[in-house]
Amino acid sequence: MQKRMGEAVARVARKVNETVENKTDSLDLADCKLMTFPIGIYKVMRNVTEGIHLITLANNELKSLTGKFIITFNQLRELNLEGNYLHRLPEEIKTLLHLKAINLSKNKFRHFPEQLTALKTLETINLEENEISDVPVEKLASMESLRSVNLKLNPLNEEVRAIARPLIKFDLLVSPEGAQAAPQV
């Protein structure tokens, strides 16, 4: 157990160092078994955070994101949080003024994260395979940059299905009524 944990820590350190040394615009910490975003990364990356435009934290064990994470990486254009245990986003998400795409698929959202509707540059929202039944259709319809919202495999209520189509000008991806996600192993 400790050996595997040590390997995971080493993998995170290696990926962070690659980003810092190569001054790349992305940080990929997917599949690192993270339960929280490591505090030490803020210090190590303090000189390059402005240049980070893509962060991938997919397939970890995150239950929440902190406001500090959002404020630190405020130049993000893309954020991939697929496959975690997130059920809400911090209010600070509204400060990501350059965010174009967010992937929140395969998480634990029961409510649509309405803070996203405040992001003027957002083009793509992926909330596939969550537990969302209600969606702020009117707010989404007023988002001028929005191109696609993926809500497949969510238990959307009938009202959302009925009123969404006439109001929206973006692609709304939903599963056929009654379709369910495959049980997670």
# chains A, B, ... in the order shown; residues from 1 in each chain; ligands from 1
>>> residues_around(residues="A:Ser64", least_positions_apart="5", cutoff="8 Å", atoms="only C-alpha atoms", output="list in words")
Thr36, Tyr85, Leu86, His87, Arg88 and Leu89 of chain A
>>> residues_around(residues="A:Leu173", least_positions_apart="2", cutoff="12 Å", atoms="only C-alpha atoms", output="VMD selection string")
chain A and resid 124 to 129 147 to 154 156 161 164 to 165 168 170 to 171 175 to 176
>>> write_last_selection(atoms="C-alpha atoms", output="mmCIF file, in the first residue's frame")
data_model
loop_
_atom_site.group_PDB
_atom_site.id
_atom_site.type_symbol
_atom_site.label_atom_id
_atom_site.label_comp_id
_atom_site.auth_asym_id
_atom_site.auth_seq_id
_atom_site.Cartn_x
_atom_site.Cartn_y
_atom_site.Cartn_z
ATOM 1 C CA THR A 124 -18.729 23.433 -24.019
ATOM 2 C CA ILE A 125 -20.170 21.929 -20.843
ATOM 3 C CA ASN A 126 -19.980 18.164 -20.388
ATOM 4 C CA LEU A 127 -22.077 16.824 -17.503
ATOM 5 C CA GLU A 128 -22.710 13.386 -18.962
ATOM 6 C CA GLU A 129 -23.447 10.601 -16.499
ATOM 7 C CA ARG A 147 -22.075 25.625 -28.422
ATOM 8 C CA SER A 148 -22.711 22.317 -26.644
ATOM 9 C CA VAL A 149 -24.115 20.938 -23.383
ATOM 10 C CA ASN A 150 -23.853 17.197 -22.867
ATOM 11 C CA LEU A 151 -26.402 15.872 -20.377
ATOM 12 C CA LYS A 152 -26.547 12.284 -21.586
ATOM 13 C CA LEU A 153 -27.269 9.646 -18.949
ATOM 14 C CA ASN A 154 -28.796 12.097 -16.468
ATOM 15 C CA LEU A 156 -33.634 14.828 -16.671
ATOM 16 C CA ARG A 161 -36.887 17.915 -22.185
ATOM 17 C CA ALA A 164 -35.238 23.103 -23.868
ATOM 18 C CA ARG A 165 -35.426 22.557 -27.631
ATOM 19 C CA ILE A 168 -31.744 26.969 -27.156
ATOM 20 C CA PHE A 170 -26.649 25.216 -28.991
ATOM 21 C CA ASP A 171 -26.368 21.433 -29.221
ATOM 22 C CA SER A 175 -30.137 10.284 -23.765
ATOM 23 C CA PRO A 176 -33.423 8.817 -24.901
#
>>> residues_around(residues="A:Ala162", least_positions_apart="5", cutoff="12 Å", atoms="only C-alpha atoms", output="PyMOL selection string")
chain A and resi 134-135+137+156-157+167-168+177
>>> select_by_dssp(residues="stretch 63-125 of chain A", states="strand (DSSP E)", output="MDAnalysis selection string")
chainID A and resid 78:80 101:103 124:125
>>> write_last_selection(atoms="N, CA and C atoms", output="CSV table (one decimal), in the first residue's frame")
chain,number,residue,atom,x,y,z
A,78,GLU,N,-9.4,25.4,-20.4
A,78,GLU,CA,-10.1,24.1,-20.4
A,78,GLU,C,-9.8,23.4,-19.1
A,79,LEU,N,-10.8,22.8,-18.5
A,79,LEU,CA,-10.7,22.1,-17.2
A,79,LEU,C,-11.4,20.8,-17.4
A,80,ASN,N,-10.6,19.7,-17.2
A,80,ASN,CA,-11.1,18.3,-17.3
A,80,ASN,C,-11.2,17.7,-15.9
A,101,ALA,N,-14.1,25.4,-22.1
A,101,ALA,CA,-14.6,24.0,-22.0
A,101,ALA,C,-14.4,23.5,-20.6
A,102,ILE,N,-15.4,22.8,-20.1
A,102,ILE,CA,-15.3,22.1,-18.8
A,102,ILE,C,-16.0,20.8,-18.9
A,103,ASN,N,-15.2,19.8,-18.5
A,103,ASN,CA,-15.7,18.4,-18.5
A,103,ASN,C,-15.9,17.9,-17.1
A,124,THR,N,-18.4,24.8,-24.2
A,124,THR,CA,-18.7,23.4,-24.0
A,124,THR,C,-18.8,23.1,-22.5
A,125,ILE,N,-20.0,22.5,-22.2
A,125,ILE,CA,-20.2,21.9,-20.8
A,125,ILE,C,-20.5,20.4,-21.0
>>> residues_around(residues="A:Asn47", least_positions_apart="2", cutoff="12 Å", atoms="only C-alpha atoms", output="PyMOL selection string")
chain A and resi 19-21+23+41-45+49-52+72-73
>>> atom_distance(atom1="atom CA of A:Leu76", atom2="atom CA of A:Leu97")
8.2 Å
>>> atom_distance(atom1="atom CA of A:Leu34", atom2="atom CA of A:Ser133")
28.3 Å
>>> atom_distance(atom1="atom CA of A:Pro136", atom2="atom CA of A:Asn60")
28.1 Å
>>> select_by_dssp(residues="stretch 7-47 of chain A", states="alpha helix (DSSP H)", output="ChimeraX atom specification")
/A:7-22,40-44
>>> write_last_selection(atoms="N, CA, C and O atoms", output="short mmCIF file (atom, residue, chain, number, x, y, z; two decimals), in the first residue's frame")
data_model
loop_
_atom_site.label_atom_id
_atom_site.label_comp_id
_atom_site.auth_asym_id
_atom_site.auth_seq_id
_atom_site.Cartn_x
_atom_site.Cartn_y
_atom_site.Cartn_z
N GLU A 7 4.54 5.65 -5.22
CA GLU A 7 4.60 5.72 -6.69
C GLU A 7 3.66 6.80 -7.22
O GLU A 7 4.00 7.52 -8.16
N ALA A 8 2.49 6.93 -6.62
CA ALA A 8 1.53 7.94 -7.05
C ALA A 8 2.07 9.34 -6.78
O ALA A 8 1.97 10.23 -7.63
N VAL A 9 2.68 9.54 -5.62
CA VAL A 9 3.28 10.84 -5.28
C VAL A 9 4.41 11.16 -6.26
O VAL A 9 4.52 12.28 -6.75
N ALA A 10 5.23 10.17 -6.55
CA ALA A 10 6.33 10.38 -7.50
C ALA A 10 5.81 10.74 -8.88
O ALA A 10 6.38 11.59 -9.57
N ARG A 11 4.71 10.09 -9.30
CA ARG A 11 4.12 10.38 -10.61
C ARG A 11 3.63 11.82 -10.67
O ARG A 11 3.86 12.53 -11.64
N VAL A 12 2.96 12.27 -9.61
CA VAL A 12 2.48 13.65 -9.55
C VAL A 12 3.66 14.61 -9.61
O VAL A 12 3.65 15.58 -10.39
N ALA A 13 4.68 14.37 -8.82
CA ALA A 13 5.86 15.24 -8.79
C ALA A 13 6.52 15.30 -10.17
O ALA A 13 6.90 16.38 -10.64
N ARG A 14 6.62 14.16 -10.83
CA ARG A 14 7.24 14.11 -12.16
C ARG A 14 6.43 14.95 -13.16
O ARG A 14 6.99 15.74 -13.93
N LYS A 15 5.11 14.81 -13.13
CA LYS A 15 4.26 15.55 -14.07
C LYS A 15 4.31 17.06 -13.81
O LYS A 15 4.36 17.85 -14.73
N VAL A 16 4.32 17.44 -12.54
CA VAL A 16 4.40 18.86 -12.19
C VAL A 16 5.76 19.42 -12.63
O VAL A 16 5.83 20.50 -13.24
N ASN A 17 6.83 18.69 -12.36
CA ASN A 17 8.16 19.15 -12.76
C ASN A 17 8.28 19.29 -14.27
O ASN A 17 8.89 20.25 -14.76
N GLU A 18 7.70 18.37 -15.02
CA GLU A 18 7.72 18.48 -16.49
C GLU A 18 7.04 19.76 -16.94
O GLU A 18 7.54 20.46 -17.82
N THR A 19 5.90 20.06 -16.34
CA THR A 19 5.17 21.28 -16.70
C THR A 19 6.00 22.52 -16.39
O THR A 19 6.10 23.43 -17.22
N VAL A 20 6.61 22.56 -15.21
CA VAL A 20 7.40 23.72 -14.79
C VAL A 20 8.65 23.87 -15.65
O VAL A 20 8.94 24.95 -16.17
N GLU A 21 9.40 22.78 -15.83
CA GLU A 21 10.65 22.84 -16.57
C GLU A 21 10.44 23.17 -18.05
O GLU A 21 11.20 23.92 -18.64
N ASN A 22 9.41 22.59 -18.64
CA ASN A 22 9.16 22.79 -20.07
C ASN A 22 8.29 24.00 -20.35
O ASN A 22 8.02 24.31 -21.50
N GLY A 40 1.22 21.53 -2.05
CA GLY A 40 2.60 21.81 -2.44
C GLY A 40 2.75 22.23 -3.90
O GLY A 40 3.71 22.92 -4.25
N ILE A 41 1.80 21.86 -4.73
CA ILE A 41 1.88 22.20 -6.15
C ILE A 41 1.76 23.71 -6.35
O ILE A 41 2.39 24.28 -7.23
N TYR A 42 0.99 24.38 -5.51
CA TYR A 42 0.84 25.83 -5.64
C TYR A 42 2.21 26.52 -5.54
O TYR A 42 2.51 27.41 -6.31
N LYS A 43 3.01 26.08 -4.60
CA LYS A 43 4.32 26.70 -4.40
C LYS A 43 5.27 26.37 -5.55
O LYS A 43 5.93 27.25 -6.08
N VAL A 44 5.31 25.11 -5.94
CA VAL A 44 6.20 24.67 -7.02
C VAL A 44 5.86 25.38 -8.33
O VAL A 44 6.75 25.72 -9.10
#
>>> closest_residue(among="A:Gly83, A:Arg77, A:Ile39, A:Leu104", to="A:Asp25", atoms="only C-alpha atoms")
A:Arg77
>>> closest_residue(among="A:Pro155, A:Pro90, A:Pro38, A:Pro166", to="A:Gln115", atoms="only C-alpha atoms")
A:Pro90
>>> closest_residue(among="A:Leu122, A:Ile55, A:Leu65, A:Leu146", to="A:Phe37", atoms="only C-alpha atoms")
A:Leu65
